Structure formats: C-alpha cells, structure tokens
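Content type mmCIF, C-alpha atoms, from the file protein_7.cif:
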data_run
loop_
_atom_site.label_atom_id
_atom_site.label_comp_id
_atom_site.auth_asym_id
_atom_site.auth_seq_id
_atom_site.Cartn_x
_atom_site.Cartn_y
_atom_site.Cartn_z
CA MET C 1 -104.85 213.20 -62.47
CA ASN C 2 -107.66 215.57 -63.39
CA GLY C 3 -110.17 213.02 -64.70
CA MET C 4 -113.22 214.44 -66.42
CA ARG C 5 -113.47 217.40 -64.05
CA PRO C 6 -113.57 220.62 -66.09
CA ILE C 7 -110.49 222.78 -65.64
CA ARG C 8 -111.19 226.40 -64.77
CA ALA C 9 -108.73 228.71 -66.51
CA LYS C 10 -108.51 231.88 -68.53
CA SER C 11 -107.34 231.83 -72.13
CA GLY C 12 -103.76 232.56 -72.98
CA THR C 13 -102.71 234.11 -76.25
CA ASN C 14 -100.31 232.81 -78.86
CA GLN C 15 -99.62 236.33 -80.08
CA GLU C 16 -96.04 237.44 -79.94
CA GLY C 17 -95.05 239.65 -77.00
CA ALA C 18 -97.64 238.26 -74.59
CA SER C 19 -95.37 235.98 -72.56
CA ALA C 20 -95.95 237.92 -69.31
CA HIS C 21 -99.70 237.48 -69.66
CA ASN C 22 -99.33 233.78 -70.45
CA ARG C 23 -97.17 233.24 -67.35
CA ARG C 24 -99.95 234.78 -65.27
CA VAL C 25 -102.57 232.61 -66.97
CA MET C 26 -100.56 229.49 -66.14
CA ILE C 27 -100.07 230.46 -62.50
CA ASP C 28 -103.77 231.32 -62.16
CA ALA C 29 -104.82 227.95 -63.61
CA LEU C 30 -102.60 226.10 -61.13
CA ARG C 31 -103.89 228.22 -58.22
CA VAL C 32 -107.53 227.59 -59.09
CA ASN C 33 -107.31 223.91 -60.02
CA GLY C 34 -104.34 222.56 -58.09
CA GLN C 35 -101.90 220.26 -59.89
CA LEU C 36 -102.21 220.00 -63.68
CA SER C 37 -100.19 218.41 -66.46
CA ARG C 38 -98.82 220.29 -69.47
CA ALA C 39 -101.56 218.74 -71.61
CA ASP C 40 -104.22 219.89 -69.09
CA LEU C 41 -102.76 223.40 -69.14
CA ALA C 42 -102.61 223.58 -72.93
CA ARG C 43 -106.21 222.38 -73.27
CA ALA C 44 -107.55 224.75 -70.60
CA THR C 45 -105.64 227.90 -71.62
CA ALA C 46 -105.86 227.50 -75.42
CA LEU C 47 -102.06 227.74 -75.69
CA THR C 48 -99.92 225.48 -77.83
CA LYS C 49 -98.17 222.59 -76.11
CA GLN C 50 -94.82 224.12 -77.01
CA ALA C 51 -95.80 227.47 -75.46
CA VAL C 52 -96.93 225.69 -72.28
CA SER C 53 -93.67 223.72 -72.11
CA ASN C 54 -91.59 226.88 -72.49
CA ILE C 55 -93.52 228.73 -69.80
CA ILE C 56 -93.43 225.79 -67.38
CA GLU C 57 -89.65 225.58 -67.78
CA ASP C 58 -89.35 229.32 -67.07
CA LEU C 59 -91.60 229.07 -64.00
CA GLU C 60 -89.63 226.09 -62.70
CA ARG C 61 -86.39 227.99 -63.15
CA ASP C 62 -87.86 230.97 -61.27
CA GLY C 63 -88.91 228.75 -58.36
CA LEU C 64 -92.64 229.33 -58.84
CA VAL C 65 -93.66 225.88 -60.13
CA ALA C 66 -92.48 222.36 -59.28
CA SER C 67 -93.12 218.97 -60.89
CA LEU C 68 -94.56 215.98 -59.07
CA ALA C 69 -94.22 212.25 -59.72
CA ALA C 70 -95.48 211.16 -63.13
CA VAL C 71 -98.98 209.69 -63.29
CA ARG C 72 -100.14 207.06 -65.79
CA LYS C 73 -103.70 207.36 -67.07
CA GLY C 74 -105.01 204.40 -69.05
CA ARG C 75 -102.68 203.00 -71.71
CA GLY C 76 -101.11 206.31 -72.67
CA GLN C 77 -97.77 207.73 -71.73
CA PRO C 78 -97.45 208.89 -68.11
CA SER C 79 -97.92 212.62 -67.59
CA THR C 80 -96.16 214.88 -65.12
CA PRO C 81 -98.34 217.10 -62.94
CA TYR C 82 -97.16 220.54 -61.82
CA ARG C 83 -98.06 222.62 -58.80
CA LEU C 84 -97.32 226.07 -57.45
CA VAL C 85 -94.42 226.38 -55.02
CA PRO C 86 -95.78 228.18 -51.92
CA GLU C 87 -92.31 229.57 -51.15
CA GLY C 88 -92.10 231.13 -54.62
CA ALA C 89 -93.40 234.49 -53.40
CA PHE C 90 -94.56 236.25 -50.25
CA ALA C 91 -96.56 239.38 -49.44
CA ILE C 92 -97.65 241.40 -46.43
CA GLY C 93 -101.10 242.83 -45.87
CA LEU C 94 -101.96 245.76 -43.63
CA GLN C 95 -105.42 246.66 -42.35
CA ILE C 96 -105.99 250.10 -40.87
CA ASP C 97 -109.32 250.56 -39.13
CA ARG C 98 -110.73 253.20 -36.79
CA HIS C 99 -109.29 251.64 -33.65
CA VAL C 100 -106.94 248.83 -34.66
CA THR C 101 -104.28 247.89 -37.19
CA ARG C 102 -103.43 244.34 -38.28
CA THR C 103 -100.73 242.74 -40.41
CA ILE C 104 -100.69 239.38 -42.19
CA ALA C 105 -97.87 237.67 -44.13
CA VAL C 106 -98.81 235.07 -46.76
CA ASP C 107 -97.07 232.87 -49.31
CA LEU C 108 -97.88 232.39 -53.00
CA VAL C 109 -100.88 230.13 -52.33
CA GLY C 110 -102.30 232.33 -49.57
CA ALA C 111 -101.20 230.40 -46.47
CA VAL C 112 -100.83 232.72 -43.46
CA LEU C 113 -97.30 232.54 -42.01
CA ALA C 114 -97.23 235.48 -39.58
CA ARG C 115 -99.65 238.02 -38.15
CA GLY C 116 -99.68 240.95 -35.76
CA GLU C 117 -102.15 243.37 -34.20
CA ALA C 118 -101.91 246.67 -32.35
CA ASN C 119 -104.29 249.31 -31.05
CA LEU C 120 -104.22 252.39 -33.23
CA PRO C 121 -103.61 255.51 -31.13
CA ALA C 122 -105.93 258.49 -31.44
CA GLY C 123 -104.67 261.46 -33.40
CA GLY C 124 -104.67 260.08 -36.92
CA PRO C 125 -101.56 259.33 -39.00
CA ASP C 126 -99.33 261.72 -37.06
CA GLU C 127 -99.64 259.37 -34.10
CA GLY C 128 -100.40 256.10 -35.84
CA THR C 129 -97.77 255.83 -38.58
CA GLU C 130 -95.01 254.88 -36.19
CA THR C 131 -97.19 252.14 -34.66
CA ILE C 132 -97.95 250.77 -38.12
CA LEU C 133 -94.34 250.77 -39.33
CA SER C 134 -93.24 249.03 -36.15
CA LEU C 135 -95.92 246.37 -36.61
CA ILE C 136 -94.92 245.77 -40.25
CA ASP C 137 -91.27 245.41 -39.24
CA LYS C 138 -92.19 242.90 -36.53
CA THR C 139 -94.24 240.86 -39.00
CA ARG C 140 -91.41 240.85 -41.55
CA ARG C 141 -88.98 239.56 -38.91
CA GLU C 142 -91.41 236.81 -37.88
CA LEU C 143 -91.91 235.86 -41.53
CA ALA C 144 -88.15 235.67 -42.09
CA GLU C 145 -87.85 233.28 -39.16
CA VAL C 146 -90.26 230.75 -40.68
CA ALA C 147 -89.36 231.46 -44.34
CA PRO C 148 -85.83 232.86 -44.71
CA GLN C 149 -86.24 233.08 -48.50
CA SER C 150 -88.98 235.68 -48.00
CA LYS C 151 -86.35 238.41 -47.73
CA ASP C 152 -85.68 238.06 -51.47
CA ARG C 153 -89.19 237.08 -52.59
CA LEU C 154 -91.41 239.69 -50.94
CA VAL C 155 -93.51 241.12 -53.78
CA GLY C 156 -95.21 243.98 -51.96
CA LEU C 157 -97.35 245.46 -49.21
CA GLY C 158 -101.11 245.61 -49.64
CA VAL C 159 -102.97 248.19 -47.53
CA ALA C 160 -106.70 248.25 -46.82
CA MET C 161 -108.74 250.83 -44.94
CA PRO C 162 -112.32 252.07 -44.96
CA GLY C 163 -113.42 254.36 -47.78
CA PRO C 164 -114.74 256.31 -49.49
CA PHE C 165 -111.59 258.03 -50.71
CA GLY C 166 -111.14 261.57 -51.98
CA ILE C 167 -114.37 263.14 -50.71
CA ASP C 168 -114.85 266.08 -48.37
CA THR C 169 -115.77 264.84 -44.91
CA ASP C 170 -115.86 266.19 -41.38
CA PRO C 171 -112.62 265.10 -39.61
CA ALA C 172 -114.67 264.50 -36.45
CA ASP C 173 -117.15 262.13 -38.18
CA PRO C 174 -116.71 258.73 -36.44
CA TRP C 175 -117.83 256.89 -39.61
CA MET C 176 -115.04 258.35 -41.71
CA MET C 177 -111.24 258.35 -41.46
CA ALA C 178 -110.72 261.73 -43.05
CA LEU C 179 -107.28 262.40 -41.53
CA TRP C 180 -105.95 259.07 -42.78
CA GLN C 181 -107.51 259.49 -46.21
CA ARG C 182 -105.91 262.92 -46.67
CA PHE C 183 -102.52 261.61 -45.59
CA PRO C 184 -99.97 260.37 -48.23
CA LEU C 185 -100.21 256.90 -46.73
CA ALA C 186 -98.94 254.75 -49.61
CA GLU C 187 -95.94 257.01 -50.19
CA THR C 188 -95.09 257.12 -46.47
CA LEU C 189 -95.30 253.33 -46.09
CA ALA C 190 -93.29 252.74 -49.28
CA LEU C 191 -90.56 255.02 -47.96
CA GLY C 192 -90.62 253.40 -44.52
CA THR C 193 -90.61 249.78 -45.75
CA GLY C 194 -88.89 249.86 -49.15
CA LEU C 195 -91.82 247.85 -50.56
CA ASP C 196 -94.21 248.46 -53.44
CA VAL C 197 -97.42 249.66 -51.73
CA ARG C 198 -101.00 249.75 -53.03
CA LEU C 199 -104.09 251.01 -51.19
CA GLN C 200 -107.65 249.72 -51.48
CA ASN C 201 -110.82 249.93 -49.42
CA ASP C 202 -111.61 247.22 -46.88
CA SER C 203 -114.50 245.66 -48.80
CA ALA C 204 -112.29 245.28 -51.89
CA ALA C 205 -109.67 243.59 -49.71
CA ALA C 206 -112.28 241.21 -48.29
CA ALA C 207 -113.31 240.34 -51.86
CA THR C 208 -109.67 239.69 -52.76
CA ALA C 209 -109.45 237.21 -49.87
CA GLU C 210 -112.62 235.45 -51.04
CA LYS C 211 -111.30 235.35 -54.62
CA MET C 212 -107.92 233.93 -53.66
CA VAL C 213 -108.77 231.40 -50.95
CA GLY C 214 -112.46 231.80 -50.08
CA ALA C 215 -116.01 231.33 -51.37
CA ALA C 216 -115.32 233.21 -54.65
CA HIS C 217 -112.26 231.09 -55.49
CA GLY C 218 -112.36 230.21 -59.19
CA LEU C 219 -115.36 232.45 -59.97
CA ASP C 220 -115.23 235.25 -62.52
CA GLN C 221 -118.38 237.12 -61.43
CA ALA C 222 -118.98 237.53 -57.70
CA ILE C 223 -120.03 240.25 -55.27
CA CYS C 224 -118.77 240.21 -51.68
CA ILE C 225 -120.83 242.17 -49.15
CA TYR C 226 -118.50 243.06 -46.29
CA VAL C 227 -120.10 243.81 -42.92
CA GLY C 228 -117.59 245.38 -40.54
CA TYR C 229 -117.53 248.67 -38.69
CA GLY C 230 -119.22 249.93 -41.85
CA ILE C 231 -120.57 248.14 -44.95
CA GLY C 232 -119.15 247.81 -48.45
CA ALA C 233 -119.24 245.55 -51.49
CA GLY C 234 -116.22 244.13 -53.29
CA LEU C 235 -116.92 243.64 -57.00
CA ILE C 236 -115.23 240.77 -58.84
CA LEU C 237 -116.11 241.31 -62.50
CA ASP C 238 -114.64 239.19 -65.32
CA GLY C 239 -112.22 237.70 -62.81
CA GLU C 240 -110.76 241.05 -61.79
CA LEU C 241 -111.48 243.35 -58.87
CA TYR C 242 -113.34 246.43 -60.07
CA ARG C 243 -112.33 249.55 -58.15
CA GLY C 244 -114.11 252.37 -60.00
CA ALA C 245 -112.77 255.73 -61.14
CA ASN C 246 -111.62 256.79 -57.66
CA GLY C 247 -111.25 253.49 -55.82
CA ASN C 248 -114.74 253.84 -54.33
CA ALA C 249 -116.71 251.20 -56.24
CA GLY C 250 -118.98 249.19 -53.97
CA GLU C 251 -119.50 251.77 -51.20
CA ILE C 252 -123.04 250.49 -50.64
CA GLY C 253 -122.93 251.48 -46.98
CA MET C 254 -123.39 255.07 -48.16
CA ILE C 255 -126.70 254.29 -49.89
CA LEU C 256 -129.48 256.28 -48.24
CA SER C 257 -132.30 254.11 -46.96
CA ARG C 258 -135.03 254.24 -44.38
CA PRO C 259 -136.41 251.63 -41.99
CA GLU C 260 -139.32 249.43 -42.95
CA ASN C 261 -142.46 251.56 -42.50
CA GLY C 262 -140.14 254.50 -41.71
CA THR C 263 -140.67 258.13 -42.68
CA GLU C 264 -138.62 260.23 -45.07
CA ASP C 265 -136.86 262.10 -42.27
CA GLN C 266 -135.52 258.75 -41.00
CA ARG C 267 -133.49 258.24 -44.17
CA ALA C 268 -129.82 257.55 -43.36
CA PRO C 269 -126.83 255.64 -44.80
CA LEU C 270 -127.44 251.89 -44.83
CA GLU C 271 -124.41 251.23 -42.62
CA HIS C 272 -125.91 253.31 -39.81
CA ARG C 273 -128.43 250.49 -39.29
CA ALA C 274 -126.75 247.30 -40.54
CA SER C 275 -123.09 247.44 -39.48
CA ILE C 276 -121.07 246.22 -36.51
CA ALA C 277 -120.76 249.84 -35.38
CA SER C 278 -124.55 250.15 -35.24
CA LEU C 279 -124.76 246.90 -33.27
CA CYS C 280 -122.11 248.09 -30.82
CA LYS C 281 -124.14 251.26 -30.26
CA ILE C 282 -127.26 249.21 -29.48
CA LEU C 283 -125.36 246.88 -27.13
CA ASP C 284 -123.33 249.71 -25.56
CA LEU C 285 -120.04 248.00 -26.51
CA ASP C 286 -116.76 249.76 -27.25
CA PRO C 287 -115.84 249.09 -30.94
CA ALA C 288 -112.19 249.41 -29.91
CA GLY C 289 -112.49 246.93 -27.05
CA PRO C 290 -109.99 244.05 -27.22
CA GLU C 291 -112.72 241.53 -26.37
CA LEU C 292 -115.31 242.87 -28.83
CA TYR C 293 -115.32 239.74 -31.01
CA ARG C 294 -115.89 237.48 -28.00
CA HIS C 295 -118.61 239.77 -26.59
CA LEU C 296 -120.48 239.75 -29.90
CA ASP C 297 -120.17 235.96 -30.08
CA ASP C 298 -121.59 235.60 -26.57
CA VAL C 299 -124.49 237.96 -27.23
CA ALA C 300 -125.30 236.29 -30.56
CA ALA C 301 -125.60 232.95 -28.77
CA ALA C 302 -127.94 234.35 -26.12
CA SER C 303 -131.62 235.22 -26.38
CA ASP C 304 -131.11 238.96 -26.39
CA ALA C 305 -133.98 241.05 -27.72
CA ARG C 306 -131.61 243.86 -28.72
CA ILE C 307 -129.56 241.69 -31.05
CA ALA C 308 -132.69 240.05 -32.45
CA ALA C 309 -134.03 243.51 -33.34
CA TRP C 310 -130.72 244.48 -34.97
CA ILE C 311 -130.66 241.27 -37.02
CA THR C 312 -134.21 241.91 -38.22
CA GLU C 313 -133.39 245.44 -39.34
CA ALA C 314 -130.01 244.54 -40.83
CA ALA C 315 -131.55 241.61 -42.72
CA TYR C 316 -134.24 243.90 -44.13
CA GLU C 317 -131.57 246.28 -45.47
CA LEU C 318 -129.23 243.57 -46.78
CA ARG C 319 -132.03 241.60 -48.45
CA ARG C 320 -132.73 244.62 -50.62
CA ALA C 321 -129.01 245.17 -51.23
CA VAL C 322 -128.63 241.60 -52.48
CA GLN C 323 -131.51 242.02 -54.94
CA ILE C 324 -130.14 245.34 -56.22
CA LEU C 325 -126.60 243.97 -56.68
CA GLU C 326 -127.94 240.90 -58.51
CA THR C 327 -129.99 243.10 -60.81
CA ILE C 328 -127.11 245.43 -61.66
CA PHE C 329 -124.16 243.01 -61.90
CA ASP C 330 -125.68 239.56 -62.62
CA PRO C 331 -123.04 237.74 -60.51
CA GLN C 332 -122.57 233.98 -60.20
CA THR C 333 -122.99 234.38 -56.45
CA ILE C 334 -123.03 236.94 -53.65
CA VAL C 335 -120.85 236.29 -50.61
CA LEU C 336 -121.65 237.71 -47.16
CA CYS C 337 -118.45 238.16 -45.16
CA GLY C 338 -117.02 240.43 -42.49
CA GLY C 339 -115.37 240.93 -39.15
CA MET C 340 -118.14 239.28 -37.18
CA PRO C 341 -118.32 235.99 -35.28
CA PRO C 342 -119.58 232.94 -37.23
CA GLY C 343 -122.63 232.56 -34.97
CA LEU C 344 -123.75 236.13 -35.63
CA ALA C 345 -123.05 235.79 -39.35
CA ARG C 346 -125.13 232.61 -39.58
CA ARG C 347 -128.06 234.23 -37.78
CA LEU C 348 -127.84 237.22 -40.09
CA ILE C 349 -127.69 235.20 -43.33
CA ASP C 350 -130.58 232.99 -42.15
CA ALA C 351 -132.64 236.13 -41.47
CA ILE C 352 -131.88 237.52 -44.94
CA HIS C 353 -133.61 234.47 -46.44
CA PRO C 354 -135.92 234.10 -48.19
CA LEU C 355 -134.31 236.36 -50.78
CA LEU C 356 -136.35 238.78 -52.84
CA PRO C 357 -137.37 237.72 -56.37
CA SER C 358 -134.52 238.44 -58.76
CA ILE C 359 -133.10 237.79 -62.22
CA ALA C 360 -130.66 235.51 -60.35
CA GLU C 361 -133.37 232.88 -59.83
CA ARG C 362 -132.44 230.18 -62.33
CA ARG C 363 -132.95 226.42 -62.16
CA MET C 364 -129.50 225.63 -63.58
CA ARG C 365 -127.48 227.48 -60.97
CA SER C 366 -124.16 225.93 -59.89
CA ALA C 367 -123.70 228.30 -56.92
CA PRO C 368 -126.21 229.63 -54.37
CA ARG C 369 -127.47 233.18 -54.81
CA LEU C 370 -126.13 234.08 -51.35
CA GLN C 371 -123.52 232.22 -49.31
CA LEU C 372 -121.36 232.79 -46.26
CA GLY C 373 -117.70 233.68 -46.68
CA PHE C 374 -114.98 234.63 -44.22
CA THR C 375 -116.32 235.62 -40.81
CA ASP C 376 -113.08 236.65 -39.23
CA PRO C 377 -111.67 239.94 -37.93
CA TRP C 378 -108.53 239.13 -39.98
CA ALA C 379 -110.36 238.78 -43.32
CA VAL C 380 -109.48 242.29 -44.50
CA ALA C 381 -105.80 241.87 -43.61
CA ILE C 382 -105.74 238.53 -45.47
CA GLY C 383 -107.23 240.24 -48.52
CA ALA C 384 -104.75 243.09 -48.26
CA ALA C 385 -101.92 240.53 -48.29
CA ALA C 386 -103.48 238.71 -51.24
CA GLU C 387 -103.52 241.91 -53.31
CA PRO C 388 -99.74 242.07 -54.05
CA ILE C 389 -99.83 238.36 -54.98
CA SER C 390 -102.82 238.97 -57.25
CA ARG C 391 -101.27 242.10 -58.72
CA THR C 392 -98.01 240.29 -59.50
CA PHE C 393 -99.30 236.95 -60.74
CA ASP C 394 -102.99 237.07 -61.77
CA PRO C 395 -104.03 237.59 -65.42
CA SER C 396 -105.18 241.15 -66.00
CA PHE C 397 -104.65 241.81 -69.69
CA SER C 398 -108.33 241.46 -70.57
CA ALA C 399 -107.89 243.11 -73.95
CA ILE C 400 -106.04 240.07 -75.31
CA LEU C 401 -108.16 237.35 -73.74
CA LYS C 402 -109.92 235.08 -76.21
CA THR C 403 -113.72 235.17 -76.22
CA ARG C 404 -115.24 232.53 -73.96
CA SER C 405 -118.78 231.20 -73.98
CA VAL C 406 -120.99 232.30 -71.09
CA GLY C 407 -121.55 229.45 -68.62
CA SER C 408 -124.45 228.98 -66.25
CA ALA C 409 -124.12 230.15 -62.66
#
Now, as a test, write the supplied structure out as structure tokens.
Amino acid sequence: MNGMRPIRAKSGTNQEGASAHNRRVMIDALRVNGQLSRADLARATALTKQAVSNIIEDLERDGLVASLAAVRKGRGQPSTPYRLVPEGAFAIGLQIDRHVTRTIAVDLVGAVLARGEANLPAGGPDEGTETILSLIDKTRRELAEVAPQSKDRLVGLGVAMPGPFGIDTDPADPWMMALWQRFPLAETLALGTGLDVRLQNDSAAAATAEKMVGAAHGLDQAICIYVGYGIGAGLILDGELYRGANGNAGEIGMILSRPENGTEDQRAPLEHRASIASLCKILDLDPAGPELYRHLDDVAAASDARIAAWITEAAYELRRAVQILETIFDPQTIVLCGGMPPGLARRLIDAIHPLLPSIAERRMRSAPRLQLGFTDPWAVAIGAAAEPISRTFDPSFSAILKTRSVGSA
C-alpha cells in the first residue's frame, strides 16, 4: 500500500489528555500521504497501535475517515487502508482586495466546490459589506446544492485582505486599505453569517493554499512570496503559519529598497517596483478592470519592451528578497506565487535565476531553492478557505510534539 516510501507525519503523544491533538495528527498524516493503514499511522506518528485504532474508530464515527478494501502485502495479514472523507467538513474563504472580492467553498481535502466574484464598490466597508455578505450567501447556497451535508459541516469562514494591520496610514493611500483595516470586519461578518471568522493577510492565505494543496504540501519549512497588487511573504515554520505579534509577519513589500545603480532619494517600498500594481501603472491598465488577467497574459506573451523592463527590475528586487529570506529562515524551499498569469510568472521566475549565493546551496537538497506555486487570481481565496480547515484539523500543539531529527532539504 505504502511500500518503502517514507511517510510524512508529525508525532502524536501518548500522554493522557492529548486526544484532540492526536486526532489532528492522524488527519494531517492522511492529508499529506493519502491512504494509510493503522500500522502505517502508528509507525509514522509514534502512537501506540491501540491509540491509533481508537482514534480511527472515532474519526470513522464522525464521518471524517473511511476504510478502503483490505490490501495484502507479502505473506502477512491483509491490512486496511484509510482515507479522509472529503464530505467530512467544508469551509468558505473570502478575499477582499482593493477593487474586487472573491469567495471559494472547499471540502476537507481542499477541492473547490463553489466560487463567486464581485466588484467591490468604492467607499470602503460602509458600501462594500453588503456586497460581501450577499456574495457569501450566494456561495453558501451554491455549495448546499452540490453538497447538502455542508449545512451541518461548515467549520468556518476564512477572510484574507492586504496588510499591514493596525498601523496609522493615510485613508487616501492607494496601496493601503485603511478604512477596511479600521473596520470591525471579523465581528461584522460573524454576525452576518453566523460562522466562526478569522482574518489574515493575503500572503499568509496564499501560503495556506500552498501548504494544503500546493507546492508546500507536506513541507514543514517553506516561504511563499506572493506577488499580487502588492507583495508579501507567507511564513510556514515548523509546519505552522507564522503570523507575528500583530498579524503582519512577512510584509516584505514594505521593505525600503532602491533600483540597481539608483540613488538614495529613489528609495521606496519594494512593492512599488515589483508588484502587479506597479506593472499596471507602467502598462496603463486599470487594476480593477475585469479583463486585467487576460490583458497581462497577452502582454507577457508579446515582445513588449515595457514588460521586459518591469521583469528585469522586479527580478532584481525579488532575487535579493529570496537570498534574505533564505538567510533568515533557512526554509526547505521558497515558492513564488500570486495573482498573475502563468506566462508572466514563468518569465519572472526565469529572470530571477541565477539565484544569489546563499546558505541554501546544498548538494543534498530534495526541493529546489525557488519554485513556482499557484499563479491564479483565486489563490488567496483558496487559501482563505483552507484556513478554517487548517485551524480545525491541523496539528498545532507544538509544545507536546516529540523531538524529530532534522532532515535534509
């Protein structure tokens, strides 16, 4: 069933009173590895066979895990593999950006079952909240049509929007969303939907998507550089998303930098030169335009000197960002993702290479230093939807995890 392939899983604990953590460990192991037997699970999680059997029975009873046909390996007794039940839980993700709002509904394994999009009216939350609540309601109704059980198994609403949060900014600054950030958004949405609501920045949401179903799936140490209207980094450290003291960890777009061979008075935030907003300014495109994604795809495929110049400058900035992030966090890999067309993303990642010398240069690497992740305008909404699933089912009790040896990246 699993052969000699190493099983990726966190350790459980046989201490009393840790059953909730062990349930999460079991679900995480099945999500990362696919179907596993009880013996596989016991070996990978360092739990006793009896503990694994008890938890599997509980998860089956709760509709989260199902058994498959028994498999015989060699001359031993046949073993029964188990898998997650996609219909065991559902969640909705909401992305709020400067000009648009998107919703995504997913099941326990991250499959997208419904989605919606609407233009966000000007005027901040006073004008936009009604649009958002209406879009969420529409998505819930569409989800219920394809998965009627979702009405009783909806674990929450994840919300993602640009940061940084909790700082003093000019309400008229087009790079910030000051009115939204000062608004009691989570409380308002919880009241309007009846769901448990959590808020995170868009780069953290993009990292959650990569961790659950993308390039960082199964990795404990990964950095996701998100290139959208602005720029941010989602930090996956020890298998968990690191948010910082105020939810602003990874706001690398705010790092002050200057162009290659530039002067000190040209110093500006990194995202002013290496974001989709900066590209739209160069190309004279409306960031709120409904055909923006297609326009960027068309321009990226053409021999346009303006986009070539932007790629050169953005690659210069991001090459340095990669080296700095590797030096500080020592990740297994860095993932470049964002709301940009695949053609543009590939040109950008090609231009970032060759990477700068770094402590990440090791012969025994199992993952590339830099790789491409989601290049999709829906990536943030997918990550926002993954957050309630992760919050409900992923292991997070790091204090009781057993010590593991450090593996090569």
- Task: Rank C:Pro342, C:Pro395, C:Ala288, C:Ile104 by their smallest atom-to-atom distance to Thr45 of chain C, using all atoms listed in the file, and report the top residue only.
- Result: C:Pro395
- Which residues fall under the PyMOL selection byres ((chain C and resi 293-301) around 7) in this file, as a list in words? Glu291, Leu292, Ala302, Ser303, Asp304, Ile307, Met340, Pro341, Gly343 and Leu344 of chain C
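The smallest atom-to-atom distance between Arg98 of chain C and any of C:Val85, C:Val197, C:Ala277, C:Leu154, using all atoms listed in the file, is found for C:Ala277.
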Contact table segment 178-280 of chain C vs segment 379-385 of chain C, cut-off 12 Å, shortest pair per residue, all atoms listed in the file, as a Markdown table:
| residue | atom | partner | partner_atom | distance |
| --- | --- | --- | --- | --- |
| C:Val197 | CA | C:Ala384 | CA | 10.4 |
| C:Arg198 | CA | C:Ala384 | CA | 9.0 |
| C:Leu199 | CA | C:Ala384 | CA | 8.5 |
| C:Gln200 | CA | C:Ala384 | CA | 7.9 |
| C:Asn201 | CA | C:Val380 | CA | 9.2 |
| C:Asp202 | CA | C:Val380 | CA | 5.9 |
| C:Ser203 | CA | C:Val380 | CA | 7.4 |
| C:Ala204 | CA | C:Gly383 | CA | 7.9 |
| C:Ala205 | CA | C:Gly383 | CA | 4.3 |
| C:Ala206 | CA | C:Val380 | CA | 4.8 |
| C:Ala207 | CA | C:Gly383 | CA | 6.9 |
| C:Thr208 | CA | C:Gly383 | CA | 4.9 |
| C:Ala209 | CA | C:Gly383 | CA | 4.0 |
| C:Glu210 | CA | C:Gly383 | CA | 7.6 |
| C:Lys211 | CA | C:Gly383 | CA | 8.8 |
| C:Met212 | CA | C:Gly383 | CA | 8.2 |
| C:Val213 | CA | C:Gly383 | CA | 9.3 |
| C:Gly214 | CA | C:Ala379 | CA | 9.9 |
| C:Cys224 | CA | C:Val380 | CA | 11.9 |
| C:Tyr226 | CA | C:Val380 | CA | 9.2 |
| C:Val227 | CA | C:Val380 | CA | 10.8 |
| C:Gly228 | CA | C:Val380 | CA | 9.5 |
| C:Tyr229 | CA | C:Val380 | CA | 11.8 |
| C:Gly232 | CA | C:Val380 | CA | 11.8 |
| C:Gly234 | CA | C:Gly383 | CA | 10.9 |
| C:Leu241 | CA | C:Gly383 | CA | 11.6 |
- So which residues get picked by the PyMOL selection byres ((chain C and resi 313) around 12) here, written as JSON, numbers by chain? {"C": [257, 258, 259, 260, 261, 262, 270, 271, 272, 273, 274, 275, 278, 279, 306, 307, 308, 309, 310, 311, 312, 314, 315, 316, 317, 318, 319, 320, 348, 351, 352]}
For the residues selected in the previous step, produce a file with C-alpha atoms as an mmCIF file, in the frame of the given file.
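Result file again_25.cif:
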data_model
loop_
_atom_site.group_PDB
_atom_site.id
_atom_site.type_symbol
_atom_site.label_atom_id
_atom_site.label_comp_id
_atom_site.auth_asym_id
_atom_site.auth_seq_id
_atom_site.Cartn_x
_atom_site.Cartn_y
_atom_site.Cartn_z
ATOM 1 C CA SER C 257 -132.300 254.110 -46.960
ATOM 2 C CA ARG C 258 -135.030 254.240 -44.380
ATOM 3 C CA PRO C 259 -136.410 251.630 -41.990
ATOM 4 C CA GLU C 260 -139.320 249.430 -42.950
ATOM 5 C CA ASN C 261 -142.460 251.560 -42.500
ATOM 6 C CA GLY C 262 -140.140 254.500 -41.710
ATOM 7 C CA LEU C 270 -127.440 251.890 -44.830
ATOM 8 C CA GLU C 271 -124.410 251.230 -42.620
ATOM 9 C CA HIS C 272 -125.910 253.310 -39.810
ATOM 10 C CA ARG C 273 -128.430 250.490 -39.290
ATOM 11 C CA ALA C 274 -126.750 247.300 -40.540
ATOM 12 C CA SER C 275 -123.090 247.440 -39.480
ATOM 13 C CA SER C 278 -124.550 250.150 -35.240
ATOM 14 C CA LEU C 279 -124.760 246.900 -33.270
ATOM 15 C CA ARG C 306 -131.610 243.860 -28.720
ATOM 16 C CA ILE C 307 -129.560 241.690 -31.050
ATOM 17 C CA ALA C 308 -132.690 240.050 -32.450
ATOM 18 C CA ALA C 309 -134.030 243.510 -33.340
ATOM 19 C CA TRP C 310 -130.720 244.480 -34.970
ATOM 20 C CA ILE C 311 -130.660 241.270 -37.020
ATOM 21 C CA THR C 312 -134.210 241.910 -38.220
ATOM 22 C CA ALA C 314 -130.010 244.540 -40.830
ATOM 23 C CA ALA C 315 -131.550 241.610 -42.720
ATOM 24 C CA TYR C 316 -134.240 243.900 -44.130
ATOM 25 C CA GLU C 317 -131.570 246.280 -45.470
ATOM 26 C CA LEU C 318 -129.230 243.570 -46.780
ATOM 27 C CA ARG C 319 -132.030 241.600 -48.450
ATOM 28 C CA ARG C 320 -132.730 244.620 -50.620
ATOM 29 C CA LEU C 348 -127.840 237.220 -40.090
ATOM 30 C CA ALA C 351 -132.640 236.130 -41.470
ATOM 31 C CA ILE C 352 -131.880 237.520 -44.940
#
- Query: When you draw a straight line from atom CA of Pro184 of chain C to atom CA of Glu240 of chain C, how long is it in Å?
  - Reply: 26.0 Å
- Would you mind listing what lies within 12 Å of segment 365-367 of chain C as a list in words, with only C-alpha atoms counted and same-chain residues fewer than 6 positions away left out? Ala215, Ala216, His217, Gly218, Leu219, Gln221, Ala222, Pro331, Gln332, Thr333, Ile334, Val335, Ile359, Gly407, Ser408 and Ala409 of chain C
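Of the listed residues C:Ala46, C:Phe165, C:Arg83, C:Gln77, the one whose atoms come nearest to Arg243 of chain C is C:Phe165, with distances taken using all atoms listed in the file.
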Filtering to C-alpha atoms, could segment 141-152 of chain C of the supplied structure be written out as a PDB file, in the first residue's frame?
ATOM      1  CA  ARG C 141     -26.425  28.309  -1.431  1.00  0.00           C
ATOM      2  CA  GLU C 142     -24.388  27.004  -4.371  1.00  0.00           C
ATOM      3  CA  LEU C 143     -22.364  24.811  -2.013  1.00  0.00           C
ATOM      4  CA  ALA C 144     -25.533  23.394  -0.464  1.00  0.00           C
ATOM      5  CA  GLU C 145     -26.776  22.440  -3.919  1.00  0.00           C
ATOM      6  CA  VAL C 146     -23.729  20.267  -4.664  1.00  0.00           C
ATOM      7  CA  ALA C 147     -23.132  19.130  -1.057  1.00  0.00           C
ATOM      8  CA  PRO C 148     -26.322  19.235   1.047  1.00  0.00           C
ATOM      9  CA  GLN C 149     -24.423  17.976   4.109  1.00  0.00           C
ATOM     10  CA  SER C 150     -22.376  21.185   4.101  1.00  0.00           C
ATOM     11  CA  LYS C 151     -25.129  22.961   6.032  1.00  0.00           C
ATOM     12  CA  ASP C 152     -24.191  20.931   9.124  1.00  0.00           C
TER      13      ASP C 152
END
